[in-house]
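*Asks:* Questions regarding the structure given below will be posed in turn.
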Amino acid sequence: MLFFMHFYYKEYAFFVLFSLLFSSLFSQEAQPSQSVGQPHIALVLSGGGALGYAHIGVLQAFDEAGIRPSYIAGTSMGALVGVLYAQGYSANELYEFVRQRRLHNLLRNVHASARHASRGIGSYKHVRQLINDVVPHDSFDSLAIPFLCVATDIATGRAVVRSSGNNLSSWVLASASIPVVFKPQLIGDNYYCDGGFVDNLPACHIPPEAYDLCVGVDVVPTLLPETDRFFSTQFMINDVYGTMILNVSSQAGRACCHSLIQPHHDVRYGILDFRHYEILRQRGYEAARHWIEERYNPLSAVR
């Protein structure tokens, strides 16, 4: 486990910070309101490292089509992107920040602190401050769109779901707290870490009365590649963890969704391929456009 985290923490920190830092760079754009006759859609965003860039493309396609989710659920990367969208930021704002890539100075400090941390990145308190700046009310109940996220109780290994109350920043950070990469989040008397270990696509926790249609955005490839790079470091991190482990913890959520958007059917890209953010975002956009054009029937989904 420690061997894997040594290679993973820098890239994972990059994605966590990109999702949070852009709030100081852009003003909020108005998102489309729910159209009359549109179904209430619960949108579920999976974890998956760099593959989660696809969530931004999916949200861009939804914005363009005038589809505004009535409920958002997310784990790990999905929780980070999801809470920002639920707060009121548009998909274009998310994309614009990624495109401009203004994180180098802060990431340099984060990497330096990680070398001296015994249980995770020492400067995590700065990330907490950033998310508090984005969501100053720190409350699930004050978000523009209802939202839930999932974390893992370290003591029991069970999923813990939160969708109401305060301490929003703590629960979102817990949902994205890979052990060793980040310190576990102490909330009350218990420690919590990344929710992707136990429920990577948290569709089953959404109240049935909250939606007409539950759509999962599952960014984890469903097959391992046929390759000669078995047992290499890149294979073990990108493919074994990113495909096998997250696949297992996504199975229940897939069954609870009415429909799935799966941008990454192959495994050409993995959870560490952050430099390919534009390709990964575009895959999400194209997959969502295809879903909207070929599979989305708002009239049949309305109660």
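Ligands are numbered from 1 in the order shown, chains are lettered A, B, ... in the order of the structure tokens, and residues start at 1 in each chain.
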Find the spatial neighbours of Leu213 in chain A, counting only C-alpha atoms, within a cut-off of 7 Å - ignore same-chain residues fewer than 4 positions away - and output them as a tab-separated table (two decimals) with N, CA and C atoms, in the first residue's frame.
*Replies:*
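What follows is the written file result15.tsv:
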chain	number	residue	atom	x	y	z
A	39	PRO	N	-37.44	15.62	-16.56
A	39	PRO	CA	-37.42	14.73	-15.40
A	39	PRO	C	-36.45	15.23	-14.34
A	40	HIS	N	-36.69	14.83	-13.12
A	40	HIS	CA	-35.73	15.09	-12.05
A	40	HIS	C	-34.64	14.03	-12.15
A	41	ILE	N	-33.42	14.48	-12.40
A	41	ILE	CA	-32.30	13.57	-12.63
A	41	ILE	C	-31.34	13.59	-11.45
A	42	ALA	N	-31.04	12.42	-10.95
A	42	ALA	CA	-29.96	12.27	-9.98
A	42	ALA	C	-28.71	11.89	-10.76
A	258	HIS	N	-30.41	3.85	-13.40
A	258	HIS	CA	-31.25	3.54	-14.55
A	258	HIS	C	-30.43	3.52	-15.84
A	301	ALA	N	-39.25	9.57	-18.81
A	301	ALA	CA	-38.70	9.54	-17.46
A	301	ALA	C	-39.51	10.35	-16.46
*Asks:* Can you list, as a ChimeraX atom specification, every protein, DNA or RNA residue that comes within 9 Å of Phe147 in chain A when you count only C-alpha atoms, leaving out same-chain residues fewer than 2 positions away?
*Replies:* /A:71-74,79,82-83,86,140-141,143-145,149,162-164
*Asks:* Please determine, counting only C-alpha atoms, which residue among A:Cys193, A:Gly284, A:Glu64, A:Leu148 has the shortest atom-to-atom distance to Val217 in chain A.
*Replies:*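 Looking at the shortest contact to Val217 in chain A, the residue is A:Gly284.
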*Asks:* Would you return as a count of residues only the members of range 136-227 of chain A that DSSP assigns to alpha helix (DSSP H) on this structure's backbone?
*Replies:* 8
*Asks:* Mind pulling up the distance from CA of Ser46 in chain A to CA of Ile206 in chain A?
*Replies:*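 Between these atoms lies a distance of 13.9 Å.
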*Asks:* Distance CA of Ala255 in chain A-CA of Thr222 in chain A, one decimal place?
*Replies:*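 It comes out at 14.1 Å.
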*Asks:* Measure the distance from CA of Asn167 in chain A to CA of Asp138 in chain A in Å and round it to one decimal.
*Replies:*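 Between CA of Asn167 in chain A and CA of Asp138 in chain A the gap is 5.7 Å.
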*Asks:* Using only C-alpha atoms, can you tell me which of A:Glu293, A:Glu209, A:Asp194, A:Asp63 comes closest to Ser170 in chain A?
*Replies:* A:Asp194
*Asks:* Find the residue from A:Leu173, A:Ile154, A:Val248, A:Ile67 that sits nearest to Asn190 in chain A; use only C-alpha atoms when measuring.
*Replies:*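 Checking each of A:Leu173, A:Ile154, A:Val248, A:Ile67 against Asn190 in chain A, counting only C-alpha atoms, the winner is A:Ile154.
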*Asks:* Which one of A:His137, A:Arg283, A:Arg128, A:His205 sits closest to Thr75 in chain A if you count only C-alpha atoms?
*Replies:*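 Of all the options, A:His205 lies closest to Thr75 in chain A.
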*Asks:* From the options A:Ser90, A:Ser139, A:Ser70, A:Ser76, which residue's atoms come nearest to Pro202 in chain A, counting only C-alpha atoms?
*Replies:*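 Smallest separation from Pro202 in chain A among the options: A:Ser76.
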*Asks:* I need the residue nearest Cys214 in chain A from this list: A:Gly52, A:Gly253, A:Pro184, A:Gly57. Use only C-alpha atoms for the distance.
*Replies:*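 Residue with the minimum atom-to-atom distance to Cys214 in chain A: A:Gly253.
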*Asks:* Give me, as a PDB file with N, CA and C atoms, in the first residue's frame, all polymer residues having an atom no more than 6 Å from Gln185 in chain A, counting only C-alpha atoms and skipping those fewer than 2 positions away in the same chain.
*Replies:*
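Output (result-v8.pdb):
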ATOM      1  N   ALA A 174     -12.833  14.156   3.403  1.00  0.00           N
ATOM      2  CA  ALA A 174     -12.735  12.749   3.809  1.00  0.00           C
ATOM      3  C   ALA A 174     -12.992  11.832   2.626  1.00  0.00           C
ATOM      4  N   TYR A 191     -12.144   8.478  12.498  1.00  0.00           N
ATOM      5  CA  TYR A 191     -11.332   8.861  11.351  1.00  0.00           C
ATOM      6  C   TYR A 191     -11.941   8.282  10.073  1.00  0.00           C
ATOM      7  N   TYR A 192     -11.882   9.093   9.005  1.00  0.00           N
ATOM      8  CA  TYR A 192     -12.469   8.690   7.732  1.00  0.00           C
ATOM      9  C   TYR A 192     -11.468   8.925   6.609  1.00  0.00           C
TER      10      TYR A 192
END
*Asks:* Quick one: everything within 6 Å of Tyr285 in chain A, counting only C-alpha atoms, minus sequence neighbours fewer than 2 positions away in the same chain. Send it as a ChimeraX atom specification.
*Replies:* /A:57-58,61,282-283,287-288
*Asks:* Using DSSP assignments from the backbone, pull out every residue in range 123-233 of chain A that falls under strand (DSSP E) and give it to me as a PDB file with N, CA and C atoms, in the first residue's frame.
*Replies:*
ATOM      1  N   PHE A 147     -26.902  17.327  -2.451  1.00  0.00           N
ATOM      2  CA  PHE A 147     -25.634  16.649  -2.717  1.00  0.00           C
ATOM      3  C   PHE A 147     -25.316  15.670  -1.601  1.00  0.00           C
ATOM      4  N   LEU A 148     -24.770  14.514  -1.973  1.00  0.00           N
ATOM      5  CA  LEU A 148     -24.247  13.580  -0.973  1.00  0.00           C
ATOM      6  C   LEU A 148     -22.879  13.091  -1.402  1.00  0.00           C
ATOM      7  N   CYS A 149     -22.083  12.706  -0.410  1.00  0.00           N
ATOM      8  CA  CYS A 149     -20.780  12.112  -0.675  1.00  0.00           C
ATOM      9  C   CYS A 149     -20.555  10.948   0.279  1.00  0.00           C
ATOM     10  N   VAL A 150     -19.583  10.129  -0.056  1.00  0.00           N
ATOM     11  CA  VAL A 150     -19.311   8.904   0.689  1.00  0.00           C
ATOM     12  C   VAL A 150     -17.861   8.899   1.150  1.00  0.00           C
ATOM     13  N   ALA A 151     -17.645   8.541   2.396  1.00  0.00           N
ATOM     14  CA  ALA A 151     -16.310   8.339   2.944  1.00  0.00           C
ATOM     15  C   ALA A 151     -16.247   6.947   3.560  1.00  0.00           C
ATOM     16  N   THR A 152     -15.050   6.504   3.901  1.00  0.00           N
ATOM     17  CA  THR A 152     -14.858   5.198   4.516  1.00  0.00           C
ATOM     18  C   THR A 152     -14.468   5.368   5.971  1.00  0.00           C
ATOM     19  N   ASP A 153     -15.202   4.717   6.856  1.00  0.00           N
ATOM     20  CA  ASP A 153     -14.855   4.692   8.277  1.00  0.00           C
ATOM     21  C   ASP A 153     -13.660   3.762   8.439  1.00  0.00           C
ATOM     22  N   ALA A 159     -18.872   2.101   4.473  1.00  0.00           N
ATOM     23  CA  ALA A 159     -19.200   3.385   3.853  1.00  0.00           C
ATOM     24  C   ALA A 159     -20.025   4.233   4.805  1.00  0.00           C
ATOM     25  N   VAL A 160     -19.712   5.517   4.851  1.00  0.00           N
ATOM     26  CA  VAL A 160     -20.470   6.484   5.625  1.00  0.00           C
ATOM     27  C   VAL A 160     -20.963   7.555   4.662  1.00  0.00           C
ATOM     28  N   VAL A 161     -22.269   7.754   4.622  1.00  0.00           N
ATOM     29  CA  VAL A 161     -22.896   8.670   3.670  1.00  0.00           C
ATOM     30  C   VAL A 161     -23.357   9.928   4.392  1.00  0.00           C
ATOM     31  N   ARG A 162     -23.067  11.083   3.809  1.00  0.00           N
ATOM     32  CA  ARG A 162     -23.543  12.342   4.371  1.00  0.00           C
ATOM     33  C   ARG A 162     -24.206  13.169   3.280  1.00  0.00           C
ATOM     34  N   GLN A 185      -9.419  12.149   7.901  1.00  0.00           N
ATOM     35  CA  GLN A 185     -10.176  13.244   8.487  1.00  0.00           C
ATOM     36  C   GLN A 185     -10.809  12.802   9.795  1.00  0.00           C
ATOM     37  N   LEU A 186     -10.515  13.515  10.859  1.00  0.00           N
ATOM     38  CA  LEU A 186     -11.138  13.247  12.157  1.00  0.00           C
ATOM     39  C   LEU A 186     -12.417  14.062  12.232  1.00  0.00           C
ATOM     40  N   ILE A 187     -13.536  13.361  12.264  1.00  0.00           N
ATOM     41  CA  ILE A 187     -14.844  14.001  12.376  1.00  0.00           C
ATOM     42  C   ILE A 187     -15.535  13.370  13.571  1.00  0.00           C
ATOM     43  N   ASN A 190     -14.249   9.735  15.163  1.00  0.00           N
ATOM     44  CA  ASN A 190     -13.815   8.726  14.210  1.00  0.00           C
ATOM     45  C   ASN A 190     -12.982   9.327  13.087  1.00  0.00           C
ATOM     46  N   TYR A 191     -12.144   8.478  12.498  1.00  0.00           N
ATOM     47  CA  TYR A 191     -11.332   8.861  11.351  1.00  0.00           C
ATOM     48  C   TYR A 191     -11.941   8.282  10.073  1.00  0.00           C
ATOM     49  N   TYR A 192     -11.882   9.093   9.005  1.00  0.00           N
ATOM     50  CA  TYR A 192     -12.469   8.690   7.732  1.00  0.00           C
ATOM     51  C   TYR A 192     -11.468   8.925   6.609  1.00  0.00           C
ATOM     52  N   CYS A 193     -11.552   8.073   5.573  1.00  0.00           N
ATOM     53  CA  CYS A 193     -10.675   8.223   4.410  1.00  0.00           C
ATOM     54  C   CYS A 193     -11.487   8.037   3.135  1.00  0.00           C
ATOM     55  N   ASP A 194     -10.810   7.900   2.018  1.00  0.00           N
ATOM     56  CA  ASP A 194     -11.413   7.920   0.681  1.00  0.00           C
ATOM     57  C   ASP A 194     -12.563   6.930   0.528  1.00  0.00           C
ATOM     58  N   LEU A 213     -35.066   9.795 -12.722  1.00  0.00           N
ATOM     59  CA  LEU A 213     -34.062   9.070 -13.497  1.00  0.00           C
ATOM     60  C   LEU A 213     -32.714   9.197 -12.804  1.00  0.00           C
ATOM     61  N   CYS A 214     -32.070   8.077 -12.554  1.00  0.00           N
ATOM     62  CA  CYS A 214     -30.753   8.071 -11.921  1.00  0.00           C
ATOM     63  C   CYS A 214     -29.706   7.729 -12.976  1.00  0.00           C
ATOM     64  N   VAL A 215     -28.782   8.670 -13.211  1.00  0.00           N
ATOM     65  CA  VAL A 215     -27.762   8.513 -14.252  1.00  0.00           C
ATOM     66  C   VAL A 215     -26.393   8.475 -13.584  1.00  0.00           C
ATOM     67  N   GLY A 216     -25.664   7.408 -13.808  1.00  0.00           N
ATOM     68  CA  GLY A 216     -24.323   7.285 -13.269  1.00  0.00           C
ATOM     69  C   GLY A 216     -23.268   7.626 -14.308  1.00  0.00           C
ATOM     70  N   VAL A 217     -22.281   8.413 -13.911  1.00  0.00           N
ATOM     71  CA  VAL A 217     -21.115   8.671 -14.756  1.00  0.00           C
ATOM     72  C   VAL A 217     -19.973   7.848 -14.175  1.00  0.00           C
TER      73      VAL A 217
END
